[in-house]
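Participant: Please find input03.cif (mmCIF, C-alpha atoms) on the next line:
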```cif
data_run
#
loop_
_atom_site.label_atom_id
_atom_site.label_comp_id
_atom_site.auth_asym_id
_atom_site.auth_seq_id
_atom_site.Cartn_x
_atom_site.Cartn_y
_atom_site.Cartn_z
CA MET A 213 -3.46 27.95 19.48
CA ILE A 214 -1.27 28.99 16.57
CA LEU A 215 0.38 25.56 16.50
CA VAL A 216 -3.02 23.85 16.51
CA ASN A 217 -4.25 25.97 13.59
CA LEU A 218 -0.98 25.40 11.73
CA GLU A 219 -1.34 21.64 12.24
CA GLN A 220 -4.85 21.70 10.77
CA VAL A 221 -3.57 23.61 7.73
CA ILE A 222 -0.81 21.04 7.21
CA ILE A 223 -3.26 18.14 7.62
CA VAL A 224 -5.62 19.52 4.97
CA SER A 225 -2.73 20.42 2.67
CA CYS A 226 -1.38 16.87 2.87
CA PHE A 227 -4.73 15.47 1.78
CA TYR A 228 -4.88 17.72 -1.28
CA SER A 229 -1.24 16.94 -2.07
CA LEU A 230 -2.02 13.21 -2.15
CA LEU A 231 -5.21 13.83 -4.11
CA PHE A 232 -3.53 15.89 -6.84
CA ALA A 233 -0.52 13.55 -6.90
CA THR A 234 -2.93 10.71 -7.69
CA VAL A 235 -4.57 12.77 -10.43
CA PHE A 236 -1.22 13.71 -11.98
CA PHE A 237 0.08 10.14 -11.96
CA TRP A 238 -3.07 8.83 -13.63
CA LEU A 239 -3.08 11.64 -16.18
CA LYS A 240 0.52 10.93 -17.08
CA ASN A 241 -0.21 7.25 -17.70
CA SER A 242 -3.53 7.67 -19.49
CA ILE A 243 -3.85 10.96 -21.41
CA LEU A 244 -0.85 13.26 -21.08
CA ASN A 245 2.42 11.37 -21.33
CA VAL A 246 4.53 14.32 -20.20
CA SER A 247 7.40 13.86 -17.77
CA ILE A 248 6.77 17.19 -15.99
CA ILE A 249 3.40 15.86 -14.79
CA HIS A 250 5.09 12.88 -13.17
CA THR A 251 7.66 15.21 -11.58
CA MET A 252 4.87 17.35 -10.13
CA GLY A 253 3.26 14.20 -8.71
CA ASN A 254 6.54 13.23 -7.06
CA MET A 255 6.88 16.70 -5.56
CA LEU A 256 3.37 16.48 -4.11
CA MET A 257 4.10 13.01 -2.69
CA LEU A 258 7.24 14.38 -1.07
CA ALA A 259 5.36 17.39 0.29
CA SER A 260 2.71 15.13 1.84
CA ASN A 261 5.40 12.94 3.41
CA ILE A 262 7.11 15.96 4.96
CA GLY A 263 3.76 17.37 6.14
CA ILE A 264 2.70 14.12 7.81
CA THR A 265 6.13 13.87 9.41
CA LEU A 266 5.71 17.35 10.91
CA VAL A 267 2.23 16.49 12.20
CA LEU A 268 3.45 13.29 13.88
CA ILE A 269 6.45 15.08 15.43
CA ASN A 270 4.20 17.86 16.71
CA ARG A 271 1.81 15.36 18.32
CA TRP A 272 4.79 13.55 19.83
CA ILE A 273 6.06 16.78 21.42
CA ILE A 274 2.65 17.80 22.73
CA SER A 275 1.62 14.39 24.09
CA LYS A 276 5.14 13.40 25.21
CA HIS A 277 4.68 9.90 23.78
CA VAL A 278 5.06 8.29 20.38
CA PRO A 279 1.92 9.09 18.31
CA LEU A 280 0.80 5.49 17.80
CA SER A 281 -1.78 5.13 20.54
CA ASN A 282 -5.07 5.06 18.59
CA LEU A 283 -6.58 4.48 15.17
CA TYR A 284 -6.12 8.06 13.96
CA GLU A 285 -2.44 8.23 14.78
CA SER A 286 -1.68 4.74 13.48
CA THR A 287 -3.51 5.48 10.21
CA MET A 288 -1.50 8.67 9.79
CA PHE A 289 1.65 6.63 10.36
CA LEU A 290 0.43 4.03 7.86
CA THR A 291 0.02 6.75 5.22
CA TRP A 292 3.51 8.03 6.00
CA SER A 293 4.84 4.48 5.65
CA LEU A 294 3.17 4.07 2.24
CA THR A 295 4.87 7.21 0.94
CA ILE A 296 8.20 5.98 2.33
CA VAL A 297 7.78 2.66 0.51
CA TYR A 298 7.09 4.59 -2.70
CA PHE A 299 10.28 6.66 -2.53
CA LEU A 300 12.40 3.68 -1.49
CA LEU A 301 11.27 1.78 -4.59
CA TYR A 302 10.99 4.73 -6.97
CA LYS A 303 12.53 4.44 -10.41
CA LYS A 304 11.82 6.63 -13.40
CA LYS A 305 10.43 3.72 -15.43
CA ASN A 306 8.18 2.40 -12.64
CA ASP A 307 5.12 4.52 -13.45
CA TRP A 308 2.85 1.66 -12.37
CA LEU A 309 4.20 2.01 -8.82
CA ALA A 310 2.97 5.61 -8.62
CA ILE A 311 -0.54 4.88 -9.88
CA ILE A 312 -0.91 2.12 -7.26
CA ILE A 313 0.62 3.64 -4.12
CA ALA A 314 -0.59 7.25 -4.51
CA PRO A 315 -4.34 6.47 -4.42
CA SER A 316 -3.75 3.95 -1.62
CA ALA A 317 -2.05 6.60 0.50
CA MET A 318 -4.72 9.17 -0.38
CA LEU A 319 -7.62 6.88 0.59
CA THR A 320 -5.91 5.79 3.82
CA TYR A 321 -5.20 9.39 4.79
CA GLY A 322 -8.71 10.46 3.82
CA PHE A 323 -10.15 7.80 6.10
CA ALA A 324 -8.05 9.14 8.98
CA ILE A 325 -9.02 12.80 8.69
CA LEU A 326 -12.54 12.48 7.27
CA GLY A 327 -13.84 9.11 8.45
CA LEU A 328 -12.86 9.15 12.11
CA PRO A 329 -14.67 11.17 14.82
CA GLU A 330 -13.08 14.43 15.90
CA GLU A 331 -12.65 13.32 19.50
CA MET A 332 -10.38 10.51 18.33
CA GLN A 333 -8.22 12.97 16.44
CA GLN A 334 -7.44 15.02 19.56
CA VAL A 335 -4.12 14.67 21.39
CA THR A 336 -4.73 12.70 24.60
CA LEU A 337 -2.71 11.29 27.46
CA LEU A 338 -1.43 7.75 27.11
CA ILE A 339 -3.58 5.24 28.97
CA PRO A 340 -1.77 3.02 31.56
CA ALA A 341 -2.01 -0.10 29.37
CA LEU A 342 0.11 1.61 26.69
CA GLN A 343 2.69 3.26 28.93
CA SER A 344 5.59 1.05 27.91
CA TYR A 345 8.75 1.39 25.85
CA TRP A 346 7.45 -1.54 23.79
CA LEU A 347 4.78 0.70 22.26
CA MET A 348 7.11 2.22 19.70
CA MET A 349 8.82 -1.06 18.87
CA HIS A 350 5.70 -3.19 18.51
CA VAL A 351 3.28 -0.79 16.82
CA SER A 352 5.82 0.80 14.45
CA MET A 353 6.97 -2.63 13.23
CA MET A 354 3.38 -3.75 12.68
CA ILE A 355 2.38 -0.60 10.77
CA LEU A 356 5.52 -0.66 8.62
CA SER A 357 4.81 -4.31 7.80
CA TYR A 358 1.20 -3.46 6.91
CA ALA A 359 2.39 -0.75 4.51
CA ALA A 360 4.85 -3.05 2.76
CA LEU A 361 2.42 -5.99 2.61
CA ILE A 362 -0.38 -3.78 1.27
CA CYS A 363 1.86 -2.41 -1.50
CA GLY A 364 3.14 -5.85 -2.42
CA SER A 365 -0.38 -7.28 -2.46
CA LEU A 366 -1.63 -4.46 -4.68
CA LEU A 367 1.13 -5.19 -7.18
CA SER A 368 0.09 -8.85 -7.24
CA MET A 369 -3.53 -7.86 -7.74
CA THR A 370 -2.47 -5.62 -10.63
CA LEU A 371 -0.59 -8.54 -12.16
CA LEU A 372 -3.72 -10.68 -12.04
CA VAL A 373 -5.86 -7.94 -13.61
CA ILE A 374 -3.39 -7.39 -16.45
CA ASP A 375 -3.07 -11.11 -17.14
CA LYS A 376 -6.83 -11.54 -17.08
CA ILE A 377 -8.10 -8.48 -18.94
CA PHE A 378 -5.29 -7.07 -21.04
CA ASN A 379 -3.89 -10.30 -22.40
CA PHE A 380 -2.04 -9.54 -25.60
CA GLN A 381 -2.99 -12.67 -27.46
CA SER A 382 -6.70 -12.35 -26.67
CA ILE A 383 -6.87 -8.76 -27.92
CA LYS A 384 -4.85 -9.69 -31.00
CA MET A 385 -7.24 -12.49 -31.92
CA THR A 386 -10.32 -10.35 -31.25
CA LEU A 387 -9.13 -7.42 -33.35
CA GLN A 388 -8.03 -9.60 -36.23
CA GLU A 389 -11.39 -11.39 -36.18
CA TYR A 390 -13.38 -8.18 -36.61
CA TYR A 391 -10.80 -6.13 -38.53
CA PRO A 392 -8.93 -8.45 -40.89
CA ILE A 393 -6.90 -5.64 -42.44
CA LEU A 394 -5.15 -5.06 -39.10
CA SER A 395 -2.14 -7.02 -37.96
CA PHE A 396 0.29 -6.81 -35.08
CA SER A 397 3.95 -6.05 -35.24
CA ARG A 398 6.31 -7.02 -32.42
CA ASP A 399 8.22 -3.77 -32.81
CA GLU A 400 5.58 -1.23 -33.80
CA GLY A 401 2.37 -2.32 -32.13
CA LEU A 402 -0.87 -2.21 -34.14
CA ILE A 403 -0.35 -1.69 -37.86
CA ASP A 404 -2.75 -1.02 -40.72
CA GLN A 405 -1.28 -3.10 -43.54
CA LYS A 406 -3.20 -1.16 -46.17
CA TYR A 407 -1.95 2.30 -45.23
CA ASP A 408 1.06 1.34 -43.09
CA VAL A 409 -0.04 3.65 -40.25
CA ASN A 410 0.89 3.06 -36.62
CA TYR A 411 -2.54 3.37 -34.96
CA MET A 412 -1.64 2.81 -31.33
CA ASN A 413 1.17 1.82 -29.03
CA LEU A 414 0.03 -1.14 -26.97
CA GLU A 415 3.12 -1.27 -24.78
CA PHE A 416 1.27 -0.58 -21.51
CA LEU A 417 -2.12 -2.25 -21.98
CA CYS A 418 -1.49 -4.92 -24.62
CA PHE A 419 2.05 -6.06 -24.26
CA ASP A 420 4.24 -8.82 -25.49
CA LYS A 421 5.58 -10.32 -22.28
CA ASN A 422 8.94 -11.14 -23.82
CA GLN A 423 9.40 -7.54 -24.97
CA PHE A 424 7.84 -5.34 -22.33
CA ASN A 425 8.04 -7.75 -19.35
CA LEU A 426 5.53 -5.83 -17.24
CA THR A 427 4.10 -8.84 -15.44
CA ASN A 428 7.57 -10.01 -14.54
CA GLN A 429 8.33 -6.59 -13.08
CA LEU A 430 5.13 -6.63 -11.02
CA ASP A 431 5.85 -10.14 -9.79
CA TYR A 432 9.46 -9.25 -8.95
CA TRP A 433 8.64 -6.09 -7.01
CA SER A 434 5.67 -7.68 -5.27
CA PHE A 435 7.96 -10.45 -4.03
CA ARG A 436 10.63 -7.98 -2.95
CA ILE A 437 8.24 -5.70 -1.08
CA ILE A 438 6.45 -8.56 0.68
CA GLY A 439 9.88 -10.01 1.45
CA ILE A 440 10.64 -6.79 3.31
CA GLY A 441 7.27 -6.55 5.05
CA PHE A 442 7.25 -10.15 6.30
CA PRO A 443 10.29 -9.76 8.63
CA PHE A 444 8.78 -6.53 9.99
CA LEU A 445 5.55 -8.44 10.70
CA THR A 446 7.50 -11.21 12.42
CA ILE A 447 9.41 -8.74 14.59
CA GLY A 448 6.18 -6.90 15.41
CA ILE A 449 4.42 -10.10 16.52
CA MET A 450 7.41 -11.23 18.60
CA SER A 451 7.82 -7.85 20.31
CA GLY A 452 4.08 -7.80 20.96
CA ALA A 453 4.31 -11.20 22.62
CA VAL A 454 7.07 -9.99 24.94
CA TRP A 455 5.06 -6.86 25.76
CA ALA A 456 1.95 -8.98 26.40
CA ASN A 457 3.90 -11.12 28.87
CA GLU A 458 5.00 -8.03 30.77
CA ALA A 459 1.53 -6.46 30.76
CA TRP A 460 -0.80 -9.47 31.06
CA GLY A 461 1.42 -12.30 32.23
CA SER A 462 1.08 -14.35 29.05
CA TYR A 463 2.94 -14.33 25.75
CA TRP A 464 -0.11 -15.38 23.74
CA SER A 465 -3.80 -15.39 24.66
CA TRP A 466 -5.50 -15.85 21.24
CA ASP A 467 -6.97 -12.37 21.46
CA PRO A 468 -8.82 -11.50 18.18
CA LYS A 469 -6.03 -9.12 17.19
CA GLU A 470 -3.36 -11.72 17.94
CA THR A 471 -5.28 -14.39 16.06
CA TRP A 472 -5.62 -12.30 12.91
CA ALA A 473 -1.98 -11.20 13.14
CA PHE A 474 -1.05 -14.90 13.13
CA ILE A 475 -3.39 -15.52 10.16
CA THR A 476 -1.74 -12.62 8.31
CA TRP A 477 1.70 -14.03 9.05
CA LEU A 478 0.59 -17.49 7.88
CA VAL A 479 -0.89 -16.22 4.58
CA PHE A 480 2.26 -14.35 3.61
CA ALA A 481 4.45 -17.22 4.76
CA ILE A 482 2.51 -19.39 2.30
CA TYR A 483 2.98 -16.73 -0.39
CA LEU A 484 6.74 -16.66 0.10
CA HIS A 485 6.90 -20.45 0.07
CA ILE A 486 4.91 -20.64 -3.18
CA ARG A 487 6.81 -17.75 -4.78
CA ILE A 488 10.22 -19.21 -3.99
CA SER A 489 9.25 -22.68 -5.20
CA LYS A 490 10.08 -23.04 -8.91
CA ASN A 491 7.18 -25.42 -9.48
CA TRP A 492 4.53 -22.69 -9.11
CA ASN A 493 3.74 -19.88 -11.52
CA ASN A 494 3.32 -16.24 -10.52
CA GLN A 495 -0.47 -16.29 -10.89
CA ILE A 496 -0.93 -18.73 -8.01
CA SER A 497 1.37 -16.76 -5.70
CA SER A 498 -0.39 -13.53 -6.74
CA MET A 499 -3.74 -15.03 -5.74
CA VAL A 500 -2.36 -15.77 -2.28
CA ALA A 501 -0.97 -12.23 -2.01
CA SER A 502 -4.36 -10.83 -3.07
CA LEU A 503 -5.96 -12.82 -0.25
CA GLY A 504 -3.30 -11.34 2.02
CA PHE A 505 -4.46 -7.82 1.09
CA LEU A 506 -7.90 -8.60 2.53
CA VAL A 507 -6.45 -10.31 5.60
CA VAL A 508 -4.17 -7.34 6.38
CA TRP A 509 -7.11 -4.93 6.42
CA ILE A 510 -9.16 -7.28 8.59
CA CYS A 511 -6.25 -7.53 11.02
CA TYR A 512 -5.54 -3.80 11.07
CA LEU A 513 -9.02 -2.32 10.83
CA GLY A 514 -11.76 -4.93 10.87
CA VAL A 515 -10.95 -6.52 14.23
CA ASN A 516 -10.65 -3.13 15.92
CA LEU A 517 -14.02 -1.94 14.64
CA LEU A 518 -15.57 -4.68 16.80
CA GLY A 519 -14.11 -3.10 19.93
CA LYS A 520 -13.46 -6.50 21.50
CA GLY A 521 -10.42 -8.14 23.02
CA LEU A 522 -7.36 -6.85 24.81
CA HIS A 523 -6.49 -4.55 21.91
CA SER A 524 -9.82 -2.70 21.90
CA TYR A 525 -8.66 0.46 23.66
CA GLY A 526 -8.54 3.61 21.60
CA TRP A 527 -10.96 2.39 18.93
CA PHE A 528 -14.67 2.51 18.20
CA ASN A 529 -15.78 0.73 21.36
#
```
Could you render the structure as structure tokens?

Facilitator:
Amino acid sequence: MILVNLEQVIIVSCFYSLLFATVFFWLKNSILNVSIIHTMGNMLMLASNIGITLVLINRWIISKHVPLSNLYESTMFLTWSLTIVYFLLYKKKNDWLAIIIAPSAMLTYGFAILGLPEEMQQVTLLIPALQSYWLMMHVSMMILSYAALICGSLLSMTLLVIDKIFNFQSIKMTLQEYYPILSFSRDEGLIDQKYDVNYMNLEFLCFDKNQFNLTNQLDYWSFRIIGIGFPFLTIGIMSGAVWANEAWGSYWSWDPKETWAFITWLVFAIYLHIRISKNWNNQISSMVASLGFLVVWICYLGVNLLGKGLHSYGWFN
């Protein structure tokens, strides 16, 4: 009973850790540009990662099987994977990574503990269909790939938003049209020629691509992260096919889950092909990655909400 109560305390604490980490990261990049705030956000992200790790280990010990057997456990593992991706890619200058991954992890975790019925959150015995050593291999590879692909897709979506809304040249022309006394300096940002006052630093929102290179960073890290997630997805699909042959006598049956896993693989294969080709710009590849973000969530969550197919056990059916 004590362990159960302690687990609930850790679960709630992890949610608030992710919530406040998100708040701190956004405050640091919008209002209070103080390094201690970012450090506090990192500490909360680390605390949530450790807490989720303890919860998963505790469920593993109690149930005597890897905690990846239903939507609640896999979503917890997905949140853990998102925090792992963050710390693997963390650099002091990559503030944009924090403001993207932290809210993603918080919303995913919130869905697990607040959006799913309580009976699904209870520790249960493993059903016969899942009693296989392939469970850990197949599901862990798929969830890790989802985490990496989601992060990479979000970076591509951010690139598109910045290019579309915060284009430096467009803002420059608009401001100079309505405020002729203002001009832009490559080194100092927005300058009032009359009084020679530096009004604002446009490094983050209105940037010169040659100087600040933010879009290139987003494109680079999106490609790298998706490049990591794609092999995980491939291994997950292949191990699932071997498991399916052992359990059902067929490597591939075009089950809805299998079909959407193949669609996900195909979309990101197209992304990698476009991204590697020198004849395509980063906007086109980012559009494909943004489509991949939607496809990943359909594959992971949307198909299972229907409760149909061979993968329907443990869901909302």

Participant: Calculated over all atoms listed in the file, which of the candidates A:Ile482, A:Met369, A:Leu338, A:Ile264 has the smallest distance to Val221 (chain A)?

Facilitator: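 Answer, going by the shortest atom-to-atom distance: A:Ile264.
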
Participant: Between CA of Leu445 (chain A) and CA of Ser357 (chain A), what is the distance, to one decimal in Å?

Facilitator: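 Going from CA of Leu445 (chain A) over to CA of Ser357 (chain A) covers 5.1 Å.
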
Participant: Choose the residue, out of A:Pro443, A:Ser365, A:Arg271, A:Asn457, that has the smallest atom-to-atom separation from Val507 (chain A); count all atoms listed in the file.

Facilitator: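 Looking at the shortest contact to Val507 (chain A), the residue is A:Ser365.
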
Participant: For this structure, which residues satisfy the selection - the PyMOL selection byres ((chain A and resi 485) around 12) - when it is evaluated on the file as given? I want them as a VMD selection string.

Facilitator: chain A and resid 435 438 to 439 478 to 484 486 to 492 494 496 to 497 500 to 501

Participant: With C-alpha atoms retained, export the selected residues as a CSV table (one decimal), keeping the file's coordinate frame.

Facilitator:
```
chain,number,residue,atom,x,y,z
A,435,PHE,CA,8.0,-10.4,-4.0
A,438,ILE,CA,6.4,-8.6,0.7
A,439,GLY,CA,9.9,-10.0,1.4
A,478,LEU,CA,0.6,-17.5,7.9
A,479,VAL,CA,-0.9,-16.2,4.6
A,480,PHE,CA,2.3,-14.4,3.6
A,481,ALA,CA,4.4,-17.2,4.8
A,482,ILE,CA,2.5,-19.4,2.3
A,483,TYR,CA,3.0,-16.7,-0.4
A,484,LEU,CA,6.7,-16.7,0.1
A,486,ILE,CA,4.9,-20.6,-3.2
A,487,ARG,CA,6.8,-17.8,-4.8
A,488,ILE,CA,10.2,-19.2,-4.0
A,489,SER,CA,9.2,-22.7,-5.2
A,490,LYS,CA,10.1,-23.0,-8.9
A,491,ASN,CA,7.2,-25.4,-9.5
A,492,TRP,CA,4.5,-22.7,-9.1
A,494,ASN,CA,3.3,-16.2,-10.5
A,496,ILE,CA,-0.9,-18.7,-8.0
A,497,SER,CA,1.4,-16.8,-5.7
A,500,VAL,CA,-2.4,-15.8,-2.3
A,501,ALA,CA,-1.0,-12.2,-2.0
```

Participant: So that I can check the surroundings of Ala324 (chain A), please list as number ranges by chain every protein, DNA and RNA residue that reaches within 8 Å of it, counting all atoms listed in the file and ignoring chain neighbours fewer than 6 positions away.

Facilitator: A: 283-284, 287-288

Participant: Pull out every residue that the PyMOL selection byres ((chain A and resi 309-317) around 7) matches in the shown coordinates and put them as a ChimeraX atom specification.

Facilitator: /A:230,233-234,237-238,291,294-295,298,306-308,318-321,363

Participant: Please, what distance in Å, to one decimal, runs between CA of Val351 (chain A) and CA of Ala473 (chain A)?

Facilitator: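 Pair CA of Val351 (chain A) / CA of Ala473 (chain A) returns 12.2 Å.
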
Participant: Give the answer as one residue: which of A:Gly322, A:Gly452, A:Gly263, A:Pro329 has the shortest atom-to-atom distance to Leu218 (chain A), using all atoms listed in the file?

Facilitator: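 Of A:Gly322, A:Gly452, A:Gly263, A:Pro329, the one nearest Leu218 (chain A), counting all atoms listed in the file, is A:Gly263.
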
Participant: Could you work out how far CA of Ile355 (chain A) lies from CA of Gly461 (chain A), giving the answer in Å with one decimal?

Facilitator: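 Interatomic distance, CA of Gly461 (chain A) to CA of Ile355 (chain A): 24.5 Å.
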
Participant: Care to translate the PyMOL selection byres ((chain A and resi 466) around 12) into actual residues of this file, as a compact mmCIF listing (two decimals) with C-alpha atoms, in the coordinates of the input?

Facilitator:
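Final file, selection.txt:
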```txt
# COMPACT_ATOMS: atom_id res chain seq x y z
CA ALA A 453 4.31 -11.20 22.62
CA ALA A 456 1.95 -8.98 26.40
CA SER A 462 1.08 -14.35 29.05
CA TYR A 463 2.94 -14.33 25.75
CA TRP A 464 -0.11 -15.38 23.74
CA SER A 465 -3.80 -15.39 24.66
CA ASP A 467 -6.97 -12.37 21.46
CA PRO A 468 -8.82 -11.50 18.18
CA LYS A 469 -6.03 -9.12 17.19
CA GLU A 470 -3.36 -11.72 17.94
CA THR A 471 -5.28 -14.39 16.06
CA TRP A 472 -5.62 -12.30 12.91
CA ALA A 473 -1.98 -11.20 13.14
CA PHE A 474 -1.05 -14.90 13.13
CA ILE A 475 -3.39 -15.52 10.16
CA GLY A 521 -10.42 -8.14 23.02
CA LEU A 522 -7.36 -6.85 24.81
CA HIS A 523 -6.49 -4.55 21.91
```

Participant: Pick out the closest residue to Ile339 (chain A) from this set: A:Ser275, A:Phe323, A:Leu301, A:Leu290. Count all atoms listed in the file.

Facilitator: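 Result for the nearest residue to Ile339 (chain A): A:Ser275.
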
Participant: Nearest to Ser260 (chain A): which of A:Ile222, A:Ala360, A:Leu326, A:Val454 is it, counting only C-alpha atoms?

Facilitator: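 Of A:Ile222, A:Ala360, A:Leu326, A:Val454, the one nearest Ser260 (chain A), counting only C-alpha atoms, is A:Ile222.
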